[in-house]
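Everything below concerns the one structure shown next.
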Amino acid sequence: MRKHRTMTDEDINGFSWQSVRSLIPYILEYKPRVALALFCLVLAKVASVGLPFILKHIVDDLEQMDDGLVELLAVPVALVVAYGAVRFFNVILGEIRDTLFGRVTERAMRRVGLKLFEHLHNLDLDFHLNRQTGGLSRDMERGTTGISFLMRFMVFNIVPILLELMFVVVIFFTQYGAEFALITLASIVAYVAFTAVATEWRTKFVREANKADSASNSRAIDSLLNYETVKYFNNEQYESDRYDHELAAWEQARRKNRLTLFGLNGGQALIISIAMTSMLLLAANGVVEKEMTLGDFVLINAFMMQLFMPLNFLGFVYREIKGSLANIENMFDLLAKTPKVQDKDDAHELLIKQGEIVFDRVGFYYNEQRQIIQDVSFTIRPGQKLAVVGESGAGKSTLVKLLFRFYDLTSGKITIDGQDITTISQSSLRKSIGIVPQDTVLFNDSIFENIRYGAPSATDEQVWQAIKHAHLYEFIQKLPEKEQTKVGERGLKLSGGEKQRVAIARTILKSPPILLFDEATSSLDSESEQAILTALDEIAEGNTSLVIAHRLSTIIDADVIVVMANGRVIETGTHQQLLAVNGKYARMWAMQQNEAEE
């Protein structure tokens, strides 16, 4: 069987940048908005480069004035006002740019989040049986946040900052000489190289912190979901110790992350300080030698501050981008997983004419060393009720999963009205089948909406009809909030029998041509069981039904009973025929009758 691909450390960088490239279509979805935002960006950068020149002329004009009131009034007010206006213009353009691009970012987060959500629902049952809900939710949250950061900062910060750095180097070279340009260029190269190397080194600690964060969150969620089990065994302290162990690993990872950040920031500060000091010494010497004016000194100082502010920000952006890439690795790894069960390219819609189901020499295993189903064959005629019985582990419930195509067969085939289920779309297959599962899980919503889940477009009247058919009406009327009563997470506020009645009402509302009952009355008392069996017989009339049963008394009216043991069919017949054979079924019947009498 095909296994999911797992991302390795060697291919993380390449895959991450592939993930970045995959974001481009989301950016281009709003071309006019992006173009206008880029135009604002260019204007803002032009204004940013012009600010030090205005400051230079202000200082030079002030230096040439003599003392006195007249000269004081003659201060170049226009230049000062222009400086303030350009600075305001620079800031407001940045705000307009961010506002314009905000919608692009938010829409991308929405689209990618929805794509991941749909993809997770399309993954096979095997993936969901092995997942950790808490860690998965953290991966989704960090991934969408990382996408937001990547889109905003890569588009509007990295390229513009690099352009601004080039402008400053050219200005220094043409206006003040090669030594100024060389110091600036050398400091930029040293800063970028140090930041890149140190950040690559730090990324593994970011990844460790994310892994520890997901592990601690998974532990907390898993413990809370099993709240009752924790209480049953008085294991609150045990759970706290396990959670604290995970938090200790998270704390250690965060400490390493923080210390390495200190080293990175310290190295960057040292490079900036050396470059600033060298440039100002050269500029001061030029002023002393009368080769430069005081305005030039101020201009160089302003440019260096203006240069290293974005350069320092570029270091921050690069660090955050690497961190964001580390954050979205797991999310894109999830998107890279391919479900084991997939529709064929030419899959067609299921067309049910009569509802005949045929299991033809069906075989299935999770592992070759352990066969679950072996050479199982039987036919459910249109409108028939076929029951499958057997001891635990016989493979009864696996037949339901195979019919729903949660797994693909290892051998043989299953057909519905002659159509192989591997050749039809999974959506149309599952739309045609209604199920009352053995373990009913409900959403943390009202009991009414949980029933409507069987057919979301159903009217209130149709939902009430389903409630009455499932013998839930009297129960609902006794509740304080009646049909609006919340059932709790996973339906924990309801008993097992009440949850199964909700499941039955859901299936009645869905009204599919094929019905599956996987021990649908296992949690009901005898009186409720009889009422539910009557309701099930009503809705199953004229429909093809497959019943997985443990209590044989619930399926004595079945048209055909299939007895399974060790994944094989060992007996087939009606209730009376199987009793006459005096085999496995007869022994099970006698045992259950004795238990009932006792």
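The chains in the structure tokens are called A, B, ... from first to last as shown; in each chain the residues are counted from 1, and the ligands are counted from 1 in the order shown.
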Could you go through stretch 365-535 of chain A and tell me which residues DSSP, when run on the backbone, assigns to strand (DSSP E or B), listing them as an mmCIF file with C-alpha atoms, in the first residue's frame?
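Output saved as result32.cif:
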```cif
data_model
loop_
_atom_site.group_PDB
_atom_site.id
_atom_site.type_symbol
_atom_site.label_atom_id
_atom_site.label_comp_id
_atom_site.auth_asym_id
_atom_site.auth_seq_id
_atom_site.Cartn_x
_atom_site.Cartn_y
_atom_site.Cartn_z
ATOM 1 C CA TYR A 365 -5.737 -6.066 4.763
ATOM 2 C CA TYR A 366 -3.891 -3.218 6.452
ATOM 3 C CA ASN A 367 -0.774 -5.341 6.566
ATOM 4 C CA ARG A 370 -2.734 -9.841 8.882
ATOM 5 C CA GLN A 371 -5.690 -10.398 6.577
ATOM 6 C CA ILE A 372 -8.864 -8.635 7.776
ATOM 7 C CA ILE A 373 -11.306 -9.751 5.064
ATOM 8 C CA GLN A 374 -10.745 -12.849 2.919
ATOM 9 C CA ASP A 375 -12.738 -13.961 -0.111
ATOM 10 C CA VAL A 376 -16.078 -12.540 1.095
ATOM 11 C CA SER A 377 -18.972 -12.883 -1.354
ATOM 12 C CA PHE A 378 -22.675 -12.166 -0.913
ATOM 13 C CA THR A 379 -25.443 -10.254 -2.682
ATOM 14 C CA ILE A 380 -28.061 -7.899 -1.233
ATOM 15 C CA LYS A 385 -32.392 -6.550 4.441
ATOM 16 C CA LEU A 386 -29.122 -8.465 4.839
ATOM 17 C CA ALA A 387 -27.546 -8.849 8.270
ATOM 18 C CA VAL A 388 -23.914 -9.659 9.015
ATOM 19 C CA VAL A 389 -23.160 -11.242 12.391
ATOM 20 C CA GLY A 390 -20.133 -12.700 14.083
ATOM 21 C CA SER A 411 -8.774 -7.935 -4.028
ATOM 22 C CA GLY A 412 -12.204 -8.536 -5.497
ATOM 23 C CA LYS A 413 -14.804 -5.839 -6.100
ATOM 24 C CA ILE A 414 -18.001 -4.304 -4.754
ATOM 25 C CA THR A 415 -20.721 -3.277 -7.191
ATOM 26 C CA ILE A 416 -23.972 -1.330 -6.846
ATOM 27 C CA GLN A 419 -21.284 -0.398 -11.141
ATOM 28 C CA ASP A 420 -17.878 -1.036 -9.560
ATOM 29 C CA ILE A 424 -17.704 6.088 -9.494
ATOM 30 C CA ILE A 433 -25.800 5.689 1.459
ATOM 31 C CA GLY A 434 -27.145 6.494 4.896
ATOM 32 C CA ILE A 435 -25.523 5.083 8.023
ATOM 33 C CA VAL A 436 -26.304 4.744 11.703
ATOM 34 C CA SER A 446 -27.975 22.216 19.229
ATOM 35 C CA LYS A 486 -26.509 22.047 23.190
ATOM 36 C CA ILE A 514 -29.146 2.340 0.660
ATOM 37 C CA LEU A 515 -29.089 2.047 4.455
ATOM 38 C CA LEU A 516 -26.303 0.756 6.705
ATOM 39 C CA PHE A 517 -26.788 -0.005 10.391
ATOM 40 C CA ASP A 518 -23.582 -0.710 12.265
#
```
Determine, counting only C-alpha atoms, which protein, DNA and RNA residues have an atom within 8 Å of an atom of A:Phe101; residues of the same chain fewer than 3 positions away are not included. Present the result as a ChimeraX atom specification. /A:33-34,37,97-98,104-105,152
Restricting it to C-alpha atoms, dump the selection as a PDB file, in the first residue's frame.
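Now in out36.pdb:
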```
ATOM      1  CA  ARG A  33      -4.924  46.674  -6.404  1.00  0.00           C
ATOM      2  CA  VAL A  34      -1.387  45.256  -6.343  1.00  0.00           C
ATOM      3  CA  ALA A  37       0.088  49.443  -4.011  1.00  0.00           C
ATOM      4  CA  ARG A  97       0.010  50.680   0.373  1.00  0.00           C
ATOM      5  CA  ASP A  98      -0.577  48.376   3.354  1.00  0.00           C
ATOM      6  CA  VAL A 104      -4.914  40.575  -1.054  1.00  0.00           C
ATOM      7  CA  THR A 105      -3.241  39.052   2.003  1.00  0.00           C
ATOM      8  CA  ARG A 152       3.278  41.284   2.894  1.00  0.00           C
TER       9      ARG A 152
END
```
Distance of atom CA of A:Phe406 from atom CA of A:Thr423, expressed in Å to one decimal place: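 Atom-to-atom, atom CA of A:Thr423 to atom CA of A:Phe406, that is 14.4 Å.
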So that I can check the surroundings of stretch 257-263 of chain A, please list as a VMD selection string every protein, DNA and RNA residue that reaches within 7 Å of it, counting only C-alpha atoms and ignoring chain neighbours fewer than 4 positions away. chain A and resid 202 205 to 206 253 267
Please write the residues from the selection above to a file, keeping C-alpha atoms, as a PDB file, in the first residue's frame.
```
ATOM      1  CA  ARG A 202      18.828  29.519  14.022  1.00  0.00           C
ATOM      2  CA  PHE A 205      15.865  26.003  16.834  1.00  0.00           C
ATOM      3  CA  VAL A 206      12.714  27.660  15.474  1.00  0.00           C
ATOM      4  CA  ALA A 253      13.492  25.045  22.878  1.00  0.00           C
ATOM      5  CA  GLY A 267      26.495  40.576  15.588  1.00  0.00           C
TER       6      GLY A 267
END
```
For A:Phe149, which residue out of A:Met305, A:Ala190, A:Glu320, A:Ser273 is the nearest one, using only C-alpha atoms?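 So, comparing all the options, the nearest one is A:Glu320.
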